[in-house]
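Source file: query20.txt. Holds: compact mmCIF, N, CA and C atoms.
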```txt
# COMPACT_ATOMS: atom_id res chain seq x y z
N MET A 1020 40.83 71.58 5.45
CA MET A 1020 39.71 70.80 5.93
C MET A 1020 39.16 70.00 4.75
N LYS A 1021 38.86 68.73 5.02
CA LYS A 1021 38.33 67.85 3.99
C LYS A 1021 36.87 68.16 3.73
N SER A 1022 36.48 67.93 2.51
CA SER A 1022 35.06 68.09 2.21
C SER A 1022 34.31 66.86 2.72
N ILE A 1023 33.03 67.01 2.90
CA ILE A 1023 32.21 65.92 3.43
C ILE A 1023 32.19 64.73 2.48
N ASP A 1024 32.25 64.98 1.17
CA ASP A 1024 32.26 63.90 0.19
C ASP A 1024 33.53 63.07 0.30
N ALA A 1025 34.65 63.73 0.54
CA ALA A 1025 35.92 63.02 0.68
C ALA A 1025 35.91 62.14 1.93
N GLU A 1026 35.33 62.66 3.01
CA GLU A 1026 35.24 61.89 4.25
C GLU A 1026 34.33 60.67 4.07
N ILE A 1027 33.22 60.86 3.40
CA ILE A 1027 32.29 59.75 3.14
C ILE A 1027 32.98 58.69 2.29
N LEU A 1028 33.70 59.11 1.28
CA LEU A 1028 34.42 58.17 0.43
C LEU A 1028 35.46 57.39 1.23
N GLU A 1029 36.16 58.08 2.11
CA GLU A 1029 37.18 57.42 2.95
C GLU A 1029 36.55 56.38 3.87
N VAL A 1030 35.43 56.72 4.49
CA VAL A 1030 34.73 55.79 5.39
C VAL A 1030 34.23 54.58 4.60
N GLU A 1031 33.67 54.82 3.42
CA GLU A 1031 33.18 53.70 2.60
C GLU A 1031 34.32 52.78 2.19
N GLN A 1032 35.47 53.36 1.87
CA GLN A 1032 36.63 52.53 1.50
C GLN A 1032 37.10 51.70 2.69
N ARG A 1033 37.14 52.30 3.87
CA ARG A 1033 37.54 51.54 5.06
C ARG A 1033 36.56 50.39 5.33
N LEU A 1034 35.27 50.67 5.19
CA LEU A 1034 34.27 49.62 5.40
C LEU A 1034 34.43 48.49 4.40
N SER A 1035 34.67 48.81 3.14
CA SER A 1035 34.83 47.75 2.15
C SER A 1035 36.10 46.96 2.40
N MET A 1036 37.17 47.61 2.87
CA MET A 1036 38.41 46.89 3.19
C MET A 1036 38.19 45.95 4.38
N ARG A 1037 37.48 46.41 5.38
CA ARG A 1037 37.18 45.55 6.54
C ARG A 1037 36.32 44.37 6.13
N LYS A 1038 35.38 44.62 5.24
CA LYS A 1038 34.50 43.55 4.74
C LYS A 1038 35.33 42.49 4.01
N LEU A 1039 36.25 42.93 3.16
CA LEU A 1039 37.11 41.99 2.44
C LEU A 1039 38.02 41.23 3.40
N ALA A 1040 38.56 41.93 4.39
CA ALA A 1040 39.42 41.26 5.38
C ALA A 1040 38.64 40.22 6.16
N LEU A 1041 37.40 40.53 6.50
CA LEU A 1041 36.57 39.59 7.23
C LEU A 1041 36.26 38.35 6.38
N ARG A 1042 35.94 38.56 5.11
CA ARG A 1042 35.69 37.43 4.21
C ARG A 1042 36.94 36.56 4.08
N HIS A 1043 38.08 37.21 3.96
CA HIS A 1043 39.34 36.47 3.84
C HIS A 1043 39.61 35.64 5.09
N ALA A 1044 39.42 36.26 6.26
CA ALA A 1044 39.65 35.55 7.53
C ALA A 1044 38.68 34.39 7.68
N ALA A 1045 37.43 34.58 7.27
CA ALA A 1045 36.44 33.50 7.36
C ALA A 1045 36.82 32.35 6.43
N GLY A 1046 37.30 32.67 5.23
CA GLY A 1046 37.73 31.63 4.31
C GLY A 1046 38.91 30.84 4.85
N GLU A 1047 39.88 31.56 5.45
CA GLU A 1047 41.03 30.88 6.04
C GLU A 1047 40.60 29.98 7.20
N ALA A 1048 39.69 30.47 8.04
CA ALA A 1048 39.21 29.66 9.17
C ALA A 1048 38.50 28.41 8.67
N LYS A 1049 37.73 28.56 7.61
CA LYS A 1049 37.03 27.40 7.04
C LYS A 1049 38.02 26.38 6.51
N THR A 1050 39.05 26.85 5.84
CA THR A 1050 40.07 25.95 5.30
C THR A 1050 40.81 25.23 6.43
N ARG A 1051 41.19 25.98 7.46
CA ARG A 1051 41.90 25.37 8.59
C ARG A 1051 41.02 24.35 9.30
N ALA A 1052 39.73 24.68 9.47
CA ALA A 1052 38.82 23.74 10.13
C ALA A 1052 38.65 22.47 9.28
N GLY A 1053 38.56 22.64 7.98
CA GLY A 1053 38.43 21.48 7.10
C GLY A 1053 39.64 20.58 7.17
N LYS A 1054 40.83 21.19 7.24
CA LYS A 1054 42.06 20.39 7.34
C LYS A 1054 42.18 19.73 8.71
N ALA A 1055 41.71 20.42 9.73
CA ALA A 1055 41.83 19.89 11.09
C ALA A 1055 40.88 18.73 11.34
N LEU A 1056 39.74 18.76 10.72
CA LEU A 1056 38.78 17.69 10.93
C LEU A 1056 39.20 16.45 10.17
N ILE A 1057 38.96 15.33 10.76
CA ILE A 1057 39.26 14.06 10.12
C ILE A 1057 38.08 13.70 9.23
N SER A 1058 38.31 12.89 8.23
CA SER A 1058 37.22 12.52 7.32
C SER A 1058 36.10 11.81 8.08
N PRO A 1059 34.87 11.92 7.61
CA PRO A 1059 33.75 11.28 8.28
C PRO A 1059 33.90 9.75 8.37
N VAL A 1060 34.53 9.16 7.38
CA VAL A 1060 34.72 7.70 7.41
C VAL A 1060 35.62 7.31 8.57
N THR A 1061 36.66 8.07 8.79
CA THR A 1061 37.56 7.78 9.90
C THR A 1061 36.86 7.98 11.23
N LEU A 1062 36.06 9.04 11.34
CA LEU A 1062 35.31 9.27 12.58
C LEU A 1062 34.32 8.14 12.84
N ALA A 1063 33.62 7.71 11.80
CA ALA A 1063 32.66 6.61 11.97
C ALA A 1063 33.39 5.34 12.38
N GLY A 1064 34.54 5.07 11.77
CA GLY A 1064 35.32 3.89 12.14
C GLY A 1064 35.77 3.95 13.59
N ALA A 1065 36.21 5.12 14.03
CA ALA A 1065 36.64 5.28 15.42
C ALA A 1065 35.47 5.07 16.38
N ALA A 1066 34.28 5.56 16.01
CA ALA A 1066 33.10 5.37 16.85
C ALA A 1066 32.74 3.89 16.95
N VAL A 1067 32.77 3.19 15.82
CA VAL A 1067 32.45 1.75 15.83
C VAL A 1067 33.47 1.00 16.66
N LEU A 1068 34.75 1.32 16.50
CA LEU A 1068 35.79 0.66 17.29
C LEU A 1068 35.58 0.94 18.78
N GLY A 1069 35.23 2.18 19.13
CA GLY A 1069 34.97 2.51 20.54
C GLY A 1069 33.82 1.72 21.11
N PHE A 1070 32.71 1.61 20.35
CA PHE A 1070 31.58 0.81 20.83
C PHE A 1070 31.96 -0.66 20.97
N PHE A 1071 32.73 -1.15 20.03
CA PHE A 1071 33.16 -2.56 20.08
C PHE A 1071 34.01 -2.82 21.33
N LEU A 1072 35.00 -1.96 21.56
CA LEU A 1072 35.86 -2.14 22.72
C LEU A 1072 35.09 -1.98 24.03
N ALA A 1073 34.20 -1.00 24.09
CA ALA A 1073 33.40 -0.81 25.31
C ALA A 1073 32.52 -2.03 25.56
N GLY A 1074 31.94 -2.57 24.49
CA GLY A 1074 31.12 -3.77 24.65
C GLY A 1074 31.92 -4.95 25.14
N ARG A 1075 33.13 -5.10 24.66
CA ARG A 1075 34.00 -6.20 25.10
C ARG A 1075 34.33 -6.05 26.58
N PHE A 1076 34.64 -4.83 27.03
CA PHE A 1076 34.97 -4.63 28.43
C PHE A 1076 33.77 -4.89 29.33
N VAL A 1077 32.60 -4.45 28.90
CA VAL A 1077 31.39 -4.64 29.70
C VAL A 1077 31.06 -6.13 29.80
N ARG A 1078 31.13 -6.83 28.67
CA ARG A 1078 30.85 -8.26 28.70
C ARG A 1078 31.86 -9.01 29.54
N GLY A 1079 33.12 -8.58 29.51
CA GLY A 1079 34.15 -9.23 30.32
C GLY A 1079 33.87 -9.06 31.80
N LYS A 1080 33.43 -7.86 32.19
CA LYS A 1080 33.10 -7.62 33.60
C LYS A 1080 31.84 -8.37 34.00
N ALA A 1081 30.89 -8.48 33.07
CA ALA A 1081 29.64 -9.18 33.39
C ALA A 1081 29.89 -10.66 33.61
N ARG A 1082 30.83 -11.25 32.89
CA ARG A 1082 31.14 -12.66 33.09
C ARG A 1082 31.80 -12.89 34.43
N LYS A 1083 32.64 -11.95 34.86
CA LYS A 1083 33.35 -12.11 36.12
C LYS A 1083 32.41 -12.00 37.32
N ALA A 1084 31.53 -11.03 37.30
CA ALA A 1084 30.61 -10.82 38.41
C ALA A 1084 29.19 -10.97 37.88
N GLU A 1085 28.55 -12.07 38.23
CA GLU A 1085 27.18 -12.30 37.76
C GLU A 1085 26.23 -11.35 38.47
N ALA A 1086 25.34 -10.79 37.73
CA ALA A 1086 24.38 -9.84 38.28
C ALA A 1086 23.29 -10.61 39.03
N PRO A 1087 22.82 -10.06 40.15
CA PRO A 1087 21.73 -10.72 40.87
C PRO A 1087 20.45 -10.68 40.04
N ALA A 1088 19.55 -11.58 40.31
CA ALA A 1088 18.29 -11.64 39.57
C ALA A 1088 17.47 -10.38 39.84
N VAL A 1089 16.86 -9.88 38.79
CA VAL A 1089 16.05 -8.67 38.90
C VAL A 1089 14.59 -9.09 39.06
N SER A 1090 13.93 -8.47 40.04
CA SER A 1090 12.54 -8.83 40.30
C SER A 1090 11.62 -8.28 39.22
N GLN A 1091 10.44 -8.85 39.13
CA GLN A 1091 9.45 -8.40 38.15
C GLN A 1091 9.02 -6.96 38.45
N GLU A 1092 8.95 -6.62 39.74
CA GLU A 1092 8.56 -5.26 40.13
C GLU A 1092 9.59 -4.23 39.63
N THR A 1093 10.85 -4.57 39.73
CA THR A 1093 11.90 -3.68 39.26
C THR A 1093 11.82 -3.50 37.75
N LYS A 1094 11.52 -4.57 37.03
CA LYS A 1094 11.38 -4.48 35.58
C LYS A 1094 10.21 -3.57 35.22
N GLU A 1095 9.09 -3.70 35.94
CA GLU A 1095 7.93 -2.85 35.67
C GLU A 1095 8.24 -1.38 35.97
N GLN A 1096 9.00 -1.15 37.04
CA GLN A 1096 9.38 0.22 37.36
C GLN A 1096 10.27 0.79 36.28
N GLY A 1097 11.17 -0.02 35.76
CA GLY A 1097 12.05 0.43 34.67
C GLY A 1097 11.26 0.76 33.42
N LYS A 1098 10.25 -0.06 33.11
CA LYS A 1098 9.42 0.23 31.94
C LYS A 1098 8.65 1.54 32.15
N GLY A 1099 8.13 1.72 33.35
CA GLY A 1099 7.40 2.96 33.65
C GLY A 1099 8.30 4.18 33.55
N PHE A 1100 9.53 4.04 34.03
CA PHE A 1100 10.48 5.14 33.93
C PHE A 1100 10.80 5.45 32.48
N ALA A 1101 10.99 4.41 31.67
CA ALA A 1101 11.29 4.61 30.24
C ALA A 1101 10.13 5.31 29.54
N LEU A 1102 8.91 4.87 29.82
CA LEU A 1102 7.74 5.49 29.20
C LEU A 1102 7.57 6.93 29.67
N GLY A 1103 7.83 7.17 30.94
CA GLY A 1103 7.76 8.54 31.46
C GLY A 1103 8.79 9.45 30.81
N THR A 1104 9.97 8.91 30.58
CA THR A 1104 11.02 9.68 29.92
C THR A 1104 10.61 10.03 28.49
N LEU A 1105 10.04 9.05 27.78
CA LEU A 1105 9.58 9.31 26.42
C LEU A 1105 8.45 10.34 26.41
N ALA A 1106 7.55 10.23 27.38
CA ALA A 1106 6.45 11.19 27.46
C ALA A 1106 6.96 12.61 27.73
N MET A 1107 7.94 12.74 28.62
CA MET A 1107 8.51 14.06 28.91
C MET A 1107 9.22 14.63 27.69
N THR A 1108 9.91 13.77 26.94
CA THR A 1108 10.57 14.23 25.73
C THR A 1108 9.55 14.75 24.73
N GLY A 1109 8.47 14.00 24.54
CA GLY A 1109 7.42 14.43 23.63
C GLY A 1109 6.76 15.72 24.09
N LEU A 1110 6.50 15.82 25.38
CA LEU A 1110 5.88 17.02 25.93
C LEU A 1110 6.80 18.23 25.76
N THR A 1111 8.08 18.04 26.02
CA THR A 1111 9.04 19.13 25.85
C THR A 1111 9.08 19.59 24.39
N TRP A 1112 9.10 18.64 23.47
CA TRP A 1112 9.10 18.98 22.05
C TRP A 1112 7.85 19.77 21.69
N PHE A 1113 6.69 19.33 22.19
CA PHE A 1113 5.42 20.00 21.89
C PHE A 1113 5.43 21.43 22.44
N ILE A 1114 5.89 21.61 23.67
CA ILE A 1114 5.91 22.93 24.28
C ILE A 1114 6.83 23.86 23.50
N ARG A 1115 7.99 23.36 23.11
CA ARG A 1115 8.91 24.21 22.35
C ARG A 1115 8.36 24.55 20.97
N SER A 1116 7.71 23.60 20.32
CA SER A 1116 7.21 23.88 18.98
C SER A 1116 5.99 24.80 19.00
N GLN A 1117 5.15 24.69 20.02
CA GLN A 1117 3.94 25.50 20.07
C GLN A 1117 4.13 26.85 20.74
N PHE A 1118 4.95 26.89 21.80
CA PHE A 1118 5.04 28.10 22.61
C PHE A 1118 6.44 28.70 22.65
N GLY A 1119 7.43 28.04 22.07
CA GLY A 1119 8.79 28.56 22.07
C GLY A 1119 9.57 28.22 23.32
N GLY A 1120 8.94 27.59 24.28
CA GLY A 1120 9.62 27.20 25.51
C GLY A 1120 8.69 27.33 26.70
N PRO A 1121 9.22 27.01 27.90
CA PRO A 1121 8.40 27.06 29.11
C PRO A 1121 7.86 28.45 29.42
N VAL A 1122 8.63 29.47 29.12
CA VAL A 1122 8.17 30.84 29.40
C VAL A 1122 6.96 31.17 28.53
N GLY A 1123 7.02 30.78 27.27
CA GLY A 1123 5.88 31.02 26.37
C GLY A 1123 4.64 30.29 26.84
N LEU A 1124 4.81 29.05 27.33
CA LEU A 1124 3.68 28.30 27.86
C LEU A 1124 3.09 29.01 29.08
N ALA A 1125 3.96 29.48 29.97
CA ALA A 1125 3.49 30.18 31.17
C ALA A 1125 2.73 31.45 30.80
N GLN A 1126 3.23 32.20 29.82
CA GLN A 1126 2.53 33.41 29.39
C GLN A 1126 1.18 33.07 28.78
N PHE A 1127 1.10 31.97 28.02
CA PHE A 1127 -0.16 31.53 27.44
C PHE A 1127 -1.17 31.18 28.53
N VAL A 1128 -0.72 30.43 29.53
CA VAL A 1128 -1.62 30.03 30.63
C VAL A 1128 -2.10 31.26 31.39
N VAL A 1129 -1.19 32.18 31.68
CA VAL A 1129 -1.58 33.39 32.42
C VAL A 1129 -2.59 34.20 31.61
N SER A 1130 -2.38 34.31 30.30
CA SER A 1130 -3.32 35.08 29.48
C SER A 1130 -4.69 34.41 29.47
N LYS A 1131 -4.72 33.07 29.44
CA LYS A 1131 -6.01 32.36 29.47
C LYS A 1131 -6.70 32.54 30.82
N VAL A 1132 -5.93 32.54 31.90
CA VAL A 1132 -6.52 32.71 33.23
C VAL A 1132 -7.08 34.12 33.36
N ARG A 1133 -6.38 35.10 32.86
CA ARG A 1133 -6.86 36.48 32.96
C ARG A 1133 -8.13 36.69 32.14
N HIS A 1134 -8.21 36.06 30.96
CA HIS A 1134 -9.40 36.22 30.11
C HIS A 1134 -10.59 35.43 30.63
N SER A 1135 -10.34 34.39 31.43
CA SER A 1135 -11.46 33.57 31.90
C SER A 1135 -12.08 34.09 33.20
N ARG A 1136 -11.52 35.15 33.78
CA ARG A 1136 -12.10 35.70 35.01
C ARG A 1136 -13.46 36.32 34.72
N SER A 1137 -14.33 36.25 35.68
CA SER A 1137 -15.66 36.85 35.49
C SER A 1137 -15.53 38.37 35.58
N PRO A 1138 -16.46 39.10 34.97
CA PRO A 1138 -16.39 40.58 35.00
C PRO A 1138 -16.44 41.15 36.41
N ALA A 1139 -17.10 40.47 37.34
CA ALA A 1139 -17.20 40.99 38.71
C ALA A 1139 -15.84 40.98 39.40
N THR A 1140 -15.03 39.93 39.15
CA THR A 1140 -13.72 39.89 39.79
C THR A 1140 -12.68 40.63 38.99
N ALA A 1141 -12.91 40.82 37.71
CA ALA A 1141 -11.92 41.49 36.86
C ALA A 1141 -11.97 43.01 37.03
N ALA A 1142 -13.14 43.57 37.31
CA ALA A 1142 -13.28 45.03 37.40
C ALA A 1142 -12.44 45.64 38.52
N PRO A 1143 -12.47 45.10 39.76
CA PRO A 1143 -11.66 45.74 40.81
C PRO A 1143 -10.16 45.67 40.49
N ALA A 1144 -9.70 44.60 39.93
CA ALA A 1144 -8.27 44.48 39.63
C ALA A 1144 -7.86 45.48 38.57
N GLU A 1145 -8.70 45.67 37.55
CA GLU A 1145 -8.37 46.62 36.50
C GLU A 1145 -8.40 48.05 37.02
N SER A 1146 -9.37 48.37 37.87
CA SER A 1146 -9.45 49.71 38.39
C SER A 1146 -8.29 49.98 39.34
N PHE A 1147 -7.83 48.96 40.07
CA PHE A 1147 -6.71 49.13 40.98
C PHE A 1147 -5.43 49.44 40.20
N THR A 1148 -5.20 48.73 39.11
CA THR A 1148 -4.00 48.99 38.32
C THR A 1148 -4.09 50.34 37.63
N HIS A 1149 -5.31 50.76 37.28
CA HIS A 1149 -5.48 52.04 36.63
C HIS A 1149 -5.17 53.19 37.59
N ILE A 1150 -5.53 53.05 38.83
CA ILE A 1150 -5.34 54.11 39.82
C ILE A 1150 -3.85 54.30 40.11
N HIS A 1151 -3.10 53.19 40.21
CA HIS A 1151 -1.71 53.27 40.65
C HIS A 1151 -0.72 53.39 39.51
N ARG A 1152 -1.12 53.66 38.32
CA ARG A 1152 -0.18 53.83 37.21
C ARG A 1152 0.35 55.19 37.10
```

As structure tokens, the full file:
Amino acid sequence: MKSIDAEILEVEQRLSMRKLALRHAAGEAKTRAGKALISPVTLAGAAVLGFFLAGRFVRGKARKAEAPAVSQETKEQGKGFALGTLAMTGLTWFIRSQFGGPVGLAQFVVSKVRHSRSPATAAPAESFTHIHR
């Protein structure tokens, strides 16, 4: 039968070997990913070329089929939609930064509603929960 010290030493050695193997595998994965990825300059060039070609195709189609005139009301609705989208983006950012997300906001509102109740309405609810616990 092995002594407890020998078993502990064996377990520690296995852990250190696994740790080294994991570091080695992570290094290999990093190297393979680096080789697989194309240089940022090439990616940027491909993106610019894609935008250029897409713009050419869109302009070519626009010349073939002239778009009907857009009314002033439609333009105003588009502006309102754009402003609403920006407002929602800002509101979403604010909620996430202050409360961590919609659930955090809901918990904050519920806690404020519970604290703002008058003592007359709060007492029966508290006693009811106390009885049924």

Find the spatial neighbours of region 1124-1126 of chain A, counting only C-alpha atoms, within a cut-off of 9 Å - ignore same-chain residues fewer than 5 positions away - and output them as a count of residues only. 6

Between CA of Gly1064 (chain A) and CA of Phe1076 (chain A), what distance in Å does the model show, to one decimal?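 Distance between the two atoms: 18.4 Å.
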
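The space separating CA of Val1077 (chain A) from CA of Ala1063 (chain A) comes to 21.0 Å.
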
Please, what distance in Å, to one decimal, runs between atom N of Leu1034 (chain A) and atom N of Arg1051 (chain A)?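 Going from atom N of Leu1034 (chain A) over to atom N of Arg1051 (chain A), I get 25.5 Å.
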
Can you report as AutoDock Vina command-line options the centre and edge lengths in Å, to one decimal, of an axis-aligned box around the listed atoms of region 1068-1076 of chain A padded with 5 Å on each side?
```
--center_x 33.5 --center_y -1.8 --center_z 22.9 --size_x 14.7 --size_y 18.7 --size_z 22.8
```
